[in-house]
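K.L.:
So that we are looking at the same thing, I have put the structure below in structure tokens.
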Amino acid sequence: MNLKTRIFLLAVVPFLVAIAGIGIGVRQQATALARTQHATMEAAYLSSKEIELKHYVDLATSAIAPLYDNAADDARDDATQRARALERLEKMDFGKDGYFFVYDMHGRSLMHPREPNLVGRDLWDLRDPGGTLTIQRLIAAAANGGGYVRYMWHRPSTGKLAPKLGYVVPLPRWGWMIGTGIYLDDVNATLAGIDEHASANIERTMTWIGGIALAGVAVIAICALVLNVSEYRSADAKLKRLAQQVVESQENERARLSRELHDGISQMMVSAKLLLESALARLERGETRVPAAETALATSLTRLGDTLREVRRISHALRPAMLDDLGLAAALEQLSREMGEETGIDIGFTQIAHTHAAALPDAVNTVLFRIAQEALTNIVRHAEAKRAALTLDVASSAVTLTVADNGRGFDVERAFADPRAGIGLRNMRERLETLGGTLAIASQPGHTIISARVPVSAAAEPAPSEPLAPSQPHKRTSDEPAADTTAVYAATLPTPASRTGTST
């Protein structure tokens, strides 16, 4: 696990733990609050219903109070007063499921307006589905002076068992129990709706917390990504600057070695050669001839000349003096001529100089020369080409170097993808990227083109025409029509008669 991953985890994990703790605490508190709200609402509903039931029963007892009191004064008319009281109570109701019922203290039903089939039946042993003795509980509450009882009873409007809250009071002189009740499923439905709303609020809150957590993680991830990208760009820029500095230091070191070879060792070898030539001339003009010494000196002179040429070749390969003294065009013309002479490949060179051509900085000259050197080396080693051509197009805003050959071609994508091959091509691209340039390669059997383009500041002063080697290539001015890459390739492939390409 790298350092960046650790830092990211150290930022994300505590944040997620804190969010999880907040979420758990909020859920617990919200659940406790919902339970408290449920209990409070249930108590309030039941309290209001109890008061309502008591009022209903008081209303019923008030309605039959005259009959109940008259019966106390005249015992002979007691049965008549009871019958009239039952009739009056039977007619009193409140809604589809609101009615009064009357039982004697032994559990016999005396009046039930919604279930007349129960009237006259002994319901003392009646049990609900839970096994509870319903009528006995009601009678016990009435015997204690009245009270509230919860039990299960058939709801008239649905015909199904439903929880019910009843309130009963006794009529001691008649031995009756009178009461009424309300079904609690409406109350339960209301409370269930409140619970559902509370649960929805809790889930909504948790969703918000989850969204905040995701947003926080996204912000942290984006910040980490931005930081990584920024660091990557900074590191990439530093790496490019370092690579450029390495290349510049290499070029400086090559130039230093080239000067040392040219100005130091070469001069000493030339001096030694002159001394040997002088000694050989004296031997040849002397009175006494020593053939063996003359032969040895001649051989030494030959080998010294070969060594001197090799030193000059190495010095020129390290960094041609013409690149610094006469410019890029002259150096490319010399490179194409020398490589053509060494390898036998017809290599032509063409310069297209526009009227307002920009002056090329030393860095651009060096990069393009090295690209041309690498491209021609690849042609010699791998292309099996018979002809090649270099084209230098210097415009006001950019300079383009094109290297073309008629070799066997290669797979461009495979060359760049293979880490063991295409090193020279990747070096070309990296050199151009340091200058903001681009490399384009098109290859097929018999036709390969490498084009390197480097932008040049339009504000640069127009570059004077670069002097070339004795064999001057053709220079096209901006008034002449521009040729495309293929046309330039065709025009610059030299004939066997000339290895220094000139446009006709």
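Going by the structure tokens order, chains are called A, B, ..., each with residues numbered from 1, while ligands are numbered from 1 in the order shown.
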Excluding segment 202-217 of chain A and any residue of its chain fewer than 6 positions from it, enumerate the residues within 7 Å of it, using only C-alpha atoms, and give them as a PyMOL selection string.
P.N.:
chain A and resi 12+16+19+23+27+30
K.L.:
With N, CA and C atoms retained, could you export that selection as a PDB file, in the first residue's frame?
P.N.:
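Saved to result.pdb:
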```pdb
ATOM      1  N   VAL A  12     -10.590   9.065   4.686  1.00  0.00           N
ATOM      2  CA  VAL A  12     -11.933   8.550   4.432  1.00  0.00           C
ATOM      3  C   VAL A  12     -12.464   7.731   5.604  1.00  0.00           C
ATOM      4  N   LEU A  16     -16.007   8.217   7.517  1.00  0.00           N
ATOM      5  CA  LEU A  16     -17.098   7.248   7.434  1.00  0.00           C
ATOM      6  C   LEU A  16     -17.494   6.735   8.814  1.00  0.00           C
ATOM      7  N   ILE A  19     -19.584   9.444  10.360  1.00  0.00           N
ATOM      8  CA  ILE A  19     -20.915   9.477   9.755  1.00  0.00           C
ATOM      9  C   ILE A  19     -21.747   8.294  10.221  1.00  0.00           C
ATOM     10  N   GLY A  23     -25.154   8.457  12.196  1.00  0.00           N
ATOM     11  CA  GLY A  23     -26.356   7.792  11.683  1.00  0.00           C
ATOM     12  C   GLY A  23     -26.988   6.877  12.712  1.00  0.00           C
ATOM     13  N   ARG A  27     -30.638   7.486  14.332  1.00  0.00           N
ATOM     14  CA  ARG A  27     -31.695   6.469  14.217  1.00  0.00           C
ATOM     15  C   ARG A  27     -32.225   6.070  15.593  1.00  0.00           C
ATOM     16  N   ALA A  30     -34.255   8.967  16.957  1.00  0.00           N
ATOM     17  CA  ALA A  30     -35.507   9.124  16.213  1.00  0.00           C
ATOM     18  C   ALA A  30     -36.476   7.990  16.526  1.00  0.00           C
TER      19      ALA A  30
END
```
K.L.:
Show me, as an MDAnalysis selection string, the residues that have an atom within 12 Å of Asn252 of chain A when counting only C-alpha atoms, minus same-chain residues fewer than 5 positions from it.
P.N.:
chainID A and resid 244:247 257:259 318:319 324 362:363 366
K.L.:
Using N, CA and C atoms, can you write the selected residues to a file as a PDB file, in the first residue's frame?
P.N.:
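Below you can see again_3.pdb, which holds the result:
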```
ATOM      1  N   GLN A 244      15.099  17.009 -20.406  1.00  0.00           N
ATOM      2  CA  GLN A 244      15.636  18.031 -21.295  1.00  0.00           C
ATOM      3  C   GLN A 244      17.030  18.465 -20.835  1.00  0.00           C
ATOM      4  N   GLN A 245      17.179  18.600 -19.506  1.00  0.00           N
ATOM      5  CA  GLN A 245      18.491  18.971 -18.990  1.00  0.00           C
ATOM      6  C   GLN A 245      19.520  17.880 -19.269  1.00  0.00           C
ATOM      7  N   VAL A 246      19.074  16.608 -19.143  1.00  0.00           N
ATOM      8  CA  VAL A 246      19.989  15.505 -19.438  1.00  0.00           C
ATOM      9  C   VAL A 246      20.413  15.538 -20.897  1.00  0.00           C
ATOM     10  N   VAL A 247      19.404  15.757 -21.779  1.00  0.00           N
ATOM     11  CA  VAL A 247      19.724  15.829 -23.207  1.00  0.00           C
ATOM     12  C   VAL A 247      20.652  16.997 -23.494  1.00  0.00           C
ATOM     13  N   LEU A 257      33.472  17.141 -26.127  1.00  0.00           N
ATOM     14  CA  LEU A 257      34.342  16.064 -26.608  1.00  0.00           C
ATOM     15  C   LEU A 257      34.701  16.253 -28.071  1.00  0.00           C
ATOM     16  N   SER A 258      33.710  16.708 -28.836  1.00  0.00           N
ATOM     17  CA  SER A 258      33.989  16.941 -30.265  1.00  0.00           C
ATOM     18  C   SER A 258      35.060  18.014 -30.436  1.00  0.00           C
ATOM     19  N   ARG A 259      34.965  19.088 -29.659  1.00  0.00           N
ATOM     20  CA  ARG A 259      35.980  20.142 -29.746  1.00  0.00           C
ATOM     21  C   ARG A 259      37.342  19.634 -29.278  1.00  0.00           C
ATOM     22  N   LEU A 318      29.853  13.014 -32.898  1.00  0.00           N
ATOM     23  CA  LEU A 318      29.445  13.549 -31.597  1.00  0.00           C
ATOM     24  C   LEU A 318      28.653  14.836 -31.773  1.00  0.00           C
ATOM     25  N   ARG A 319      29.149  15.755 -32.516  1.00  0.00           N
ATOM     26  CA  ARG A 319      28.420  16.987 -32.847  1.00  0.00           C
ATOM     27  C   ARG A 319      29.140  17.670 -33.994  1.00  0.00           C
ATOM     28  N   ASP A 324      26.733  24.098 -35.690  1.00  0.00           N
ATOM     29  CA  ASP A 324      26.880  25.336 -34.925  1.00  0.00           C
ATOM     30  C   ASP A 324      27.357  26.490 -35.791  1.00  0.00           C
ATOM     31  N   ASP A 362      18.825  27.070 -31.180  1.00  0.00           N
ATOM     32  CA  ASP A 362      19.809  25.985 -31.136  1.00  0.00           C
ATOM     33  C   ASP A 362      19.168  24.670 -30.703  1.00  0.00           C
ATOM     34  N   ALA A 363      18.217  24.746 -29.750  1.00  0.00           N
ATOM     35  CA  ALA A 363      17.572  23.510 -29.277  1.00  0.00           C
ATOM     36  C   ALA A 363      16.823  22.824 -30.408  1.00  0.00           C
ATOM     37  N   THR A 366      19.308  21.198 -32.812  1.00  0.00           N
ATOM     38  CA  THR A 366      19.879  19.965 -32.262  1.00  0.00           C
ATOM     39  C   THR A 366      18.886  18.813 -32.337  1.00  0.00           C
TER      40      THR A 366
END
```
K.L.:
Could you jot down the atom CA of Pro455 of chain A to atom CA of Leu332 of chain A separation for me, Å, one decimal place?
P.N.:
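Separation between atom CA of Pro455 of chain A and atom CA of Leu332 of chain A: 19.2 Å.
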K.L.:
Near Ala375 of chain A, within 9 Å and counting only C-alpha atoms, which residues show up once chain neighbours fewer than 6 positions away are dropped, as a PDB file with C-alpha atoms, in the first residue's frame?
P.N.:
```pdb
ATOM      1  CA  VAL A 403      12.562  11.626 -43.804  1.00  0.00           C
ATOM      2  CA  GLY A 424      14.885   5.228 -31.358  1.00  0.00           C
ATOM      3  CA  LEU A 425      11.340   6.168 -32.356  1.00  0.00           C
ATOM      4  CA  MET A 428      12.433  10.987 -31.314  1.00  0.00           C
ATOM      5  CA  ILE A 450       8.715  10.145 -40.706  1.00  0.00           C
TER       6      ILE A 450
END
```
K.L.:
What is the distance between atom CA of Arg313 of chain A and atom CA of Gln250 of chain A, in Å to one decimal?
P.N.:
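Separation of atom CA of Arg313 of chain A and atom CA of Gln250 of chain A: 18.3 Å.
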K.L.:
Counting only C-alpha atoms, what is within 9 Å of Leu304 of chain A, bar same-chain residues fewer than 6 positions away, as a count of residues only?
P.N.:
4
K.L.:
Produce a table with one row for each residue of segment 56-172 of chain A that has an atom at most 10 Å from any atom of segment 178-189 of chain A, each row naming the nearest atom pair and its distance in Å at one decimal; use only C-alpha atoms; arrange rows by chain and rising residue number; format as a Markdown table.
P.N.:
```
| residue | atom | partner | partner_atom | distance |
| --- | --- | --- | --- | --- |
| A:Tyr56 | CA | A:Thr180 | CA | 7.6 |
| A:Val57 | CA | A:Gly179 | CA | 6.2 |
| A:Asp58 | CA | A:Gly179 | CA | 9.6 |
| A:Ala60 | CA | A:Ile178 | CA | 8.6 |
| A:Thr61 | CA | A:Ile178 | CA | 8.3 |
| A:Leu89 | CA | A:Ile178 | CA | 9.4 |
| A:Asp93 | CA | A:Thr180 | CA | 9.5 |
| A:Asp97 | CA | A:Ile182 | CA | 7.5 |
| A:Gly98 | CA | A:Ile182 | CA | 6.6 |
| A:Tyr99 | CA | A:Thr180 | CA | 6.1 |
| A:Phe100 | CA | A:Thr180 | CA | 4.6 |
| A:Phe101 | CA | A:Gly179 | CA | 5.6 |
| A:Val102 | CA | A:Ile178 | CA | 4.6 |
| A:Tyr103 | CA | A:Ile178 | CA | 6.7 |
| A:Asp104 | CA | A:Ile178 | CA | 8.7 |
| A:Leu110 | CA | A:Ile178 | CA | 9.7 |
| A:Met111 | CA | A:Ile178 | CA | 9.4 |
| A:Leu138 | CA | A:Gly179 | CA | 8.9 |
| A:Ile139 | CA | A:Ile178 | CA | 9.5 |
| A:Ala142 | CA | A:Ile178 | CA | 8.3 |
| A:Gly146 | CA | A:Gly179 | CA | 9.1 |
| A:Gly147 | CA | A:Gly179 | CA | 9.6 |
| A:Tyr148 | CA | A:Gly181 | CA | 9.1 |
| A:Val149 | CA | A:Gly181 | CA | 9.0 |
| A:Arg150 | CA | A:Gly181 | CA | 9.2 |
| A:Tyr151 | CA | A:Tyr183 | CA | 9.6 |
| A:Met152 | CA | A:Tyr183 | CA | 9.0 |
| A:Trp153 | CA | A:Tyr183 | CA | 8.5 |
| A:His154 | CA | A:Tyr183 | CA | 9.4 |
| A:Arg155 | CA | A:Tyr183 | CA | 7.4 |
| A:Leu161 | CA | A:Tyr183 | CA | 9.7 |
| A:Ala162 | CA | A:Asp185 | CA | 6.5 |
| A:Pro163 | CA | A:Leu184 | CA | 5.4 |
| A:Lys164 | CA | A:Tyr183 | CA | 4.2 |
| A:Leu165 | CA | A:Gly181 | CA | 5.3 |
| A:Gly166 | CA | A:Gly181 | CA | 3.9 |
| A:Tyr167 | CA | A:Gly179 | CA | 5.4 |
| A:Val168 | CA | A:Gly179 | CA | 4.0 |
| A:Val169 | CA | A:Ile178 | CA | 5.6 |
| A:Pro170 | CA | A:Ile178 | CA | 6.3 |
| A:Leu171 | CA | A:Ile178 | CA | 7.3 |
```
K.L.:
Write a file of the selected residues as a short mmCIF file (atom, residue, chain, number, x, y, z; two decimals), in the first residue's frame, keeping N, CA and C atoms.
P.N.:
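Okay, part-v3.cif is ready:
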```cif
data_model
loop_
_atom_site.label_atom_id
_atom_site.label_comp_id
_atom_site.auth_asym_id
_atom_site.auth_seq_id
_atom_site.Cartn_x
_atom_site.Cartn_y
_atom_site.Cartn_z
N TYR A 56 -71.32 9.11 26.77
CA TYR A 56 -72.42 8.33 26.17
C TYR A 56 -73.20 7.57 27.24
N VAL A 57 -72.49 6.91 28.14
CA VAL A 57 -73.17 6.14 29.18
C VAL A 57 -73.95 7.07 30.12
N ASP A 58 -73.38 8.19 30.46
CA ASP A 58 -74.12 9.16 31.29
C ASP A 58 -75.38 9.62 30.58
N ALA A 60 -77.08 7.85 28.42
CA ALA A 60 -78.03 6.73 28.44
C ALA A 60 -78.69 6.61 29.81
N THR A 61 -77.90 6.69 30.84
CA THR A 61 -78.49 6.59 32.20
C THR A 61 -79.40 7.76 32.50
N LEU A 89 -83.34 2.50 25.32
CA LEU A 89 -81.91 2.30 25.09
C LEU A 89 -81.63 1.68 23.72
N ASP A 93 -78.41 5.25 19.52
CA ASP A 93 -77.14 4.79 18.95
C ASP A 93 -76.36 6.01 18.43
N ASP A 97 -71.57 1.67 14.22
CA ASP A 97 -71.02 0.74 15.20
C ASP A 97 -71.15 1.24 16.63
N GLY A 98 -71.93 2.30 16.85
CA GLY A 98 -72.12 2.82 18.20
C GLY A 98 -73.50 2.46 18.73
N TYR A 99 -73.55 1.69 19.80
CA TYR A 99 -74.82 1.24 20.36
C TYR A 99 -74.61 0.97 21.85
N PHE A 100 -75.75 0.76 22.55
CA PHE A 100 -75.72 0.40 23.98
C PHE A 100 -76.13 -1.06 24.13
N PHE A 101 -75.59 -1.71 25.14
CA PHE A 101 -75.99 -3.09 25.43
C PHE A 101 -76.31 -3.18 26.93
N VAL A 102 -77.17 -4.18 27.25
CA VAL A 102 -77.61 -4.37 28.64
C VAL A 102 -77.54 -5.86 28.95
N TYR A 103 -76.93 -6.19 30.08
CA TYR A 103 -76.85 -7.55 30.59
C TYR A 103 -77.29 -7.53 32.06
N ASP A 104 -77.82 -8.69 32.51
CA ASP A 104 -78.02 -8.78 33.95
C ASP A 104 -76.70 -9.23 34.58
N LEU A 110 -79.85 -8.83 27.81
CA LEU A 110 -81.18 -8.27 27.87
C LEU A 110 -81.51 -7.40 26.66
N MET A 111 -80.51 -6.79 26.08
CA MET A 111 -80.76 -5.92 24.92
C MET A 111 -79.44 -5.76 24.13
N LEU A 138 -66.70 -7.75 31.96
CA LEU A 138 -67.57 -6.58 31.94
C LEU A 138 -68.40 -6.51 33.24
N ILE A 139 -68.92 -7.64 33.65
CA ILE A 139 -69.75 -7.66 34.86
C ILE A 139 -68.91 -7.33 36.09
N ALA A 142 -68.46 -3.64 36.21
CA ALA A 142 -69.69 -2.97 36.66
C ALA A 142 -69.93 -3.18 38.14
N GLY A 146 -68.37 0.46 38.05
CA GLY A 146 -68.19 0.94 36.68
C GLY A 146 -66.72 1.04 36.29
N GLY A 147 -66.45 0.86 35.03
CA GLY A 147 -65.06 0.96 34.57
C GLY A 147 -64.92 0.62 33.10
N TYR A 148 -63.68 0.63 32.69
CA TYR A 148 -63.34 0.42 31.27
C TYR A 148 -62.76 -0.98 31.11
N VAL A 149 -63.13 -1.61 30.01
CA VAL A 149 -62.66 -2.96 29.72
C VAL A 149 -62.31 -3.06 28.23
N ARG A 150 -61.15 -3.67 27.96
CA ARG A 150 -60.77 -3.93 26.55
C ARG A 150 -61.04 -5.40 26.27
N TYR A 151 -61.66 -5.63 25.11
CA TYR A 151 -62.00 -7.00 24.75
C TYR A 151 -62.20 -7.07 23.24
N MET A 152 -62.39 -8.27 22.75
CA MET A 152 -62.61 -8.49 21.32
C MET A 152 -64.09 -8.75 21.09
N TRP A 153 -64.65 -8.09 20.04
CA TRP A 153 -66.07 -8.26 19.71
C TRP A 153 -66.26 -8.08 18.22
N HIS A 154 -67.32 -8.67 17.72
CA HIS A 154 -67.63 -8.54 16.29
C HIS A 154 -68.05 -7.11 15.98
N ARG A 155 -67.44 -6.57 14.95
CA ARG A 155 -67.81 -5.22 14.52
C ARG A 155 -68.96 -5.34 13.53
N LEU A 161 -63.98 -9.78 13.95
CA LEU A 161 -63.55 -9.45 15.30
C LEU A 161 -62.61 -8.27 15.28
N ALA A 162 -62.81 -7.37 16.23
CA ALA A 162 -61.98 -6.18 16.30
C ALA A 162 -61.80 -5.81 17.77
N PRO A 163 -60.69 -5.20 18.13
CA PRO A 163 -60.50 -4.77 19.51
C PRO A 163 -61.49 -3.66 19.86
N LYS A 164 -61.98 -3.72 21.07
CA LYS A 164 -63.01 -2.77 21.48
C LYS A 164 -62.73 -2.31 22.90
N LEU A 165 -63.04 -1.05 23.14
CA LEU A 165 -62.94 -0.47 24.48
C LEU A 165 -64.36 -0.20 24.97
N GLY A 166 -64.73 -0.88 26.04
CA GLY A 166 -66.09 -0.71 26.57
C GLY A 166 -66.08 -0.02 27.93
N TYR A 167 -67.21 0.65 28.19
CA TYR A 167 -67.39 1.29 29.50
C TYR A 167 -68.76 0.86 30.03
N VAL A 168 -68.77 0.32 31.24
CA VAL A 168 -70.02 -0.21 31.81
C VAL A 168 -70.25 0.39 33.21
N VAL A 169 -71.54 0.51 33.55
CA VAL A 169 -71.95 0.95 34.89
C VAL A 169 -73.09 0.03 35.36
N PRO A 170 -73.25 -0.12 36.65
CA PRO A 170 -74.34 -0.99 37.14
C PRO A 170 -75.62 -0.20 37.41
N LEU A 171 -76.73 -0.89 37.29
CA LEU A 171 -78.03 -0.41 37.80
C LEU A 171 -78.40 -1.38 38.92
#
```
K.L.:
Could you check how far atom CA of Glu115 of chain A sits from atom CA of Phe94 of chain A, in Å to one decimal?
P.N.:
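Atom CA of Phe94 of chain A lies at a distance of 15.7 Å from atom CA of Glu115 of chain A.
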K.L.:
Which is closer to Asp346 of chain A than all the others in A:Ala415, A:Val367, A:Ala389, A:Ala442, using only C-alpha atoms?
P.N.:
A:Ala389
K.L.:
Using backbone DSSP assignments, extract all strand (DSSP E or B) residues from segment 59-290 of chain A; output them as number ranges by chain.
P.N.:
A: 93, 99-104, 108-111, 122, 127, 133, 147-154, 161-171, 176-183
K.L.:
Would you return as number ranges by chain the members of segment 209-368 of chain A that DSSP assigns to helix (DSSP H, G or I) on this structure's backbone?
P.N.:
A: 209-285, 291-318, 321-325, 328-343, 362-368
K.L.:
Kindly indicate which residue among A:Leu297, A:Thr343, A:Gly131, A:Thr448 lies nearest to Glu277 of chain A, using only C-alpha atoms for the distances.
P.N.:
A:Leu297
K.L.:
For Ile449 of chain A, which residue out of A:Trp176, A:Phe410, A:Phe369, A:Phe416 is the nearest one, using only C-alpha atoms?
P.N.:
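With only C-alpha atoms as the atom set, the closest residue is A:Phe410.
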K.L.:
Looking at A:Leu225, A:Ala63, A:Leu435, A:Val380, which one is nearest to Val399 of chain A, with distances taken over only C-alpha atoms?
P.N.:
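Checking each of A:Leu225, A:Ala63, A:Leu435, A:Val380 against Val399 of chain A, counting only C-alpha atoms, the winner is A:Leu435.
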K.L.:
For each of A:Leu308, A:Ile379, A:Ile7, A:Leu301, take the minimum atom-to-atom distance to Met339 of chain A, counting only C-alpha atoms, then give the residue where this is smallest.
P.N.:
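Residue with the minimum atom-to-atom distance to Met339 of chain A: A:Ile379.
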K.L.:
Fewer than 2 positions away in the same chain doesn't count, so skip those; otherwise give me all residues within 9 Å of Thr391 of chain A, counting only C-alpha atoms, as a PyMOL selection string.
P.N.:
chain A and resi 348-352+389+393+400-404+488-489+492
K.L.:
Write to file, as a PDB file, in the first residue's frame, the residues of the selection just made, with N, CA and C atoms.
P.N.:
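out.pdb was written with the following content:
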```
ATOM      1  N   GLY A 348      18.962  11.973 -50.716  1.00  0.00           N
ATOM      2  CA  GLY A 348      18.846  13.341 -51.186  1.00  0.00           C
ATOM      3  C   GLY A 348      18.378  14.273 -50.089  1.00  0.00           C
ATOM      4  N   PHE A 349      18.661  15.528 -50.241  1.00  0.00           N
ATOM      5  CA  PHE A 349      18.261  16.540 -49.265  1.00  0.00           C
ATOM      6  C   PHE A 349      17.652  17.731 -49.988  1.00  0.00           C
ATOM      7  N   THR A 350      16.536  18.214 -49.486  1.00  0.00           N
ATOM      8  CA  THR A 350      15.855  19.376 -50.060  1.00  0.00           C
ATOM      9  C   THR A 350      15.462  20.326 -48.946  1.00  0.00           C
ATOM     10  N   GLN A 351      15.740  21.593 -49.128  1.00  0.00           N
ATOM     11  CA  GLN A 351      15.307  22.618 -48.176  1.00  0.00           C
ATOM     12  C   GLN A 351      14.238  23.483 -48.823  1.00  0.00           C
ATOM     13  N   ILE A 352      13.137  23.655 -48.083  1.00  0.00           N
ATOM     14  CA  ILE A 352      12.064  24.550 -48.528  1.00  0.00           C
ATOM     15  C   ILE A 352      12.079  25.745 -47.586  1.00  0.00           C
ATOM     16  N   ALA A 389      15.273  10.254 -48.674  1.00  0.00           N
ATOM     17  CA  ALA A 389      15.223  11.691 -48.909  1.00  0.00           C
ATOM     18  C   ALA A 389      14.924  12.420 -47.615  1.00  0.00           C
ATOM     19  N   ASP A 393      11.457  21.924 -44.169  1.00  0.00           N
ATOM     20  CA  ASP A 393      10.520  22.992 -44.529  1.00  0.00           C
ATOM     21  C   ASP A 393      10.476  23.987 -43.368  1.00  0.00           C
ATOM     22  N   THR A 400       9.401  21.805 -40.266  1.00  0.00           N
ATOM     23  CA  THR A 400       9.043  20.401 -40.438  1.00  0.00           C
ATOM     24  C   THR A 400      10.186  19.678 -41.124  1.00  0.00           C
ATOM     25  N   LEU A 401      10.605  18.575 -40.517  1.00  0.00           N
ATOM     26  CA  LEU A 401      11.625  17.714 -41.102  1.00  0.00           C
ATOM     27  C   LEU A 401      10.962  16.409 -41.511  1.00  0.00           C
ATOM     28  N   THR A 402      11.118  16.022 -42.775  1.00  0.00           N
ATOM     29  CA  THR A 402      10.528  14.790 -43.293  1.00  0.00           C
ATOM     30  C   THR A 402      11.634  13.885 -43.799  1.00  0.00           C
ATOM     31  N   VAL A 403      11.595  12.638 -43.357  1.00  0.00           N
ATOM     32  CA  VAL A 403      12.562  11.626 -43.804  1.00  0.00           C
ATOM     33  C   VAL A 403      11.767  10.504 -44.462  1.00  0.00           C
ATOM     34  N   ALA A 404      12.047  10.229 -45.740  1.00  0.00           N
ATOM     35  CA  ALA A 404      11.308   9.218 -46.491  1.00  0.00           C
ATOM     36  C   ALA A 404      12.274   8.199 -47.080  1.00  0.00           C
ATOM     37  N   VAL A 488       6.739  15.625 -52.003  1.00  0.00           N
ATOM     38  CA  VAL A 488       8.109  15.945 -51.629  1.00  0.00           C
ATOM     39  C   VAL A 488       8.963  14.685 -51.647  1.00  0.00           C
ATOM     40  N   TYR A 489       8.370  13.599 -51.117  1.00  0.00           N
ATOM     41  CA  TYR A 489       9.085  12.327 -51.109  1.00  0.00           C
ATOM     42  C   TYR A 489       9.464  11.921 -52.524  1.00  0.00           C
ATOM     43  N   THR A 492      12.153  14.290 -54.036  1.00  0.00           N
ATOM     44  CA  THR A 492      13.481  14.341 -53.439  1.00  0.00           C
ATOM     45  C   THR A 492      14.214  13.023 -53.482  1.00  0.00           C
TER      46      THR A 492
END
```
K.L.:
Closest to His354 of chain A among A:Ala143, A:Val17, A:Ile22, A:Ala398, using only C-alpha atoms?
P.N.:
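Ranking A:Ala143, A:Val17, A:Ile22, A:Ala398 by distance to His354 of chain A, first place goes to A:Ala398.
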